[in-house]
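The structure appears right after this line, and notes come after that.
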Amino acid sequence: MTPRRKQILRELKDRGVDDPCPMCGHSNFTFAGESEISVSDNRKRNGGCVPIAIIACRNCGYITQHALGPLGLFPDEDV
Ligand SMILES: [Zn+2]
């Protein structure tokens, strides 16, 4: 597991993100990767995109997304 991946998962855990999957009730999730969501507000950092972490349920594949900014983990910041 990369240091970046560990830090994202640790930040989510520290902030109480540990509820079971809302679709199937299982508690095993995997970090699927980072991506970004395009937004119309050009004042946002990263050129109008919100950097996100994608978390997927290991049982049913349900995906949740977490903006990295509130986690203090913008991709251009040292981790
Ligand atoms: Zn699930």
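Residues in the structure tokens are numbered from 1 in each chain, the chains being A, B, ... in the order shown, and ligands are numbered from 1 in the order shown.
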Kindly compile the residues surrounding ligand 1 within 7 Å, counting only C-alpha atoms and all ligand atoms, and format them as a VMD selection string.
chain A and resid 21 to 26 57 to 62
Considering only alpha helix (DSSP H) as DSSP defines it on the backbone, what residues of chain A qualify? List them as a ChimeraX atom specification.
/A:3-14,45-48
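Taking CA of Pro70 (chain A) as the reference point, CA of Pro20 (chain A) is found at 21.6 Å.
Near Leu68 (chain A), within 8 Å and counting only C-alpha atoms, sit Val50, Pro51, Ile52, Ala53, Gly72, Leu73, Phe74 and Pro75 of chain A, not including residues fewer than 4 positions from it in the same chain.
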Neighbour list for Ile54 (chain A) as a short mmCIF file (atom, residue, chain, number, x, y, z; two decimals) with C-alpha atoms, in the first residue's frame, cut-off 6 Å, only C-alpha atoms, skip fewer than 5 positions in-chain:
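The resulting file, around03.cif, is shown below:
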```
data_model
loop_
_atom_site.label_atom_id
_atom_site.label_comp_id
_atom_site.auth_asym_id
_atom_site.auth_seq_id
_atom_site.Cartn_x
_atom_site.Cartn_y
_atom_site.Cartn_z
CA ALA A 32 -10.14 2.26 -5.85
CA GLY A 33 -8.04 5.31 -6.72
CA GLU A 34 -8.05 9.05 -7.12
CA THR A 64 -18.44 6.49 -2.58
CA GLN A 65 -16.38 9.56 -3.33
#
```
Would you list, as a PyMOL selection string, the residues of chain A that end up in strand (DSSP E) under DSSP run on this structure's backbone?
chain A and resi 29-38+49-57+63-67
Please dump the current selection as an mmCIF file, in the first residue's frame; keep C-alpha atoms.
```
data_model
loop_
_atom_site.group_PDB
_atom_site.id
_atom_site.type_symbol
_atom_site.label_atom_id
_atom_site.label_comp_id
_atom_site.auth_asym_id
_atom_site.auth_seq_id
_atom_site.Cartn_x
_atom_site.Cartn_y
_atom_site.Cartn_z
ATOM 1 C CA PHE A 29 -14.027 -1.434 1.437
ATOM 2 C CA THR A 30 -11.143 -0.858 -0.925
ATOM 3 C CA PHE A 31 -9.439 2.285 -2.112
ATOM 4 C CA ALA A 32 -10.141 2.264 -5.852
ATOM 5 C CA GLY A 33 -8.043 5.312 -6.716
ATOM 6 C CA GLU A 34 -8.046 9.047 -7.116
ATOM 7 C CA SER A 35 -9.933 11.046 -9.711
ATOM 8 C CA GLU A 36 -11.601 14.420 -10.054
ATOM 9 C CA ILE A 37 -15.068 15.804 -10.575
ATOM 10 C CA SER A 38 -15.454 18.671 -13.009
ATOM 11 C CA CYS A 49 -12.088 20.208 -10.704
ATOM 12 C CA VAL A 50 -12.595 18.730 -7.263
ATOM 13 C CA PRO A 51 -9.961 16.065 -6.527
ATOM 14 C CA ILE A 52 -11.540 12.984 -4.989
ATOM 15 C CA ALA A 53 -10.739 9.598 -3.530
ATOM 16 C CA ILE A 54 -12.891 6.705 -4.736
ATOM 17 C CA ILE A 55 -13.812 4.030 -2.208
ATOM 18 C CA ALA A 56 -15.580 0.847 -3.317
ATOM 19 C CA CYS A 57 -17.404 -1.802 -1.314
ATOM 20 C CA ILE A 63 -18.740 3.465 -4.818
ATOM 21 C CA THR A 64 -18.437 6.487 -2.583
ATOM 22 C CA GLN A 65 -16.382 9.561 -3.326
ATOM 23 C CA HIS A 66 -14.618 11.868 -0.877
ATOM 24 C CA ALA A 67 -13.313 15.302 -1.785
#
```
CA of Val39 (chain A) and CA of Pro3 (chain A) are how many Å apart?
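Separation between CA of Val39 (chain A) and CA of Pro3 (chain A): 28.1 Å.
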Excluding region 4-8 of chain A and any residue of its chain fewer than 2 positions from it, enumerate the residues within 8 Å of it, using only C-alpha atoms, and give them as a PyMOL selection string.
chain A and resi 1-2+10-12+31+53+71+73+79
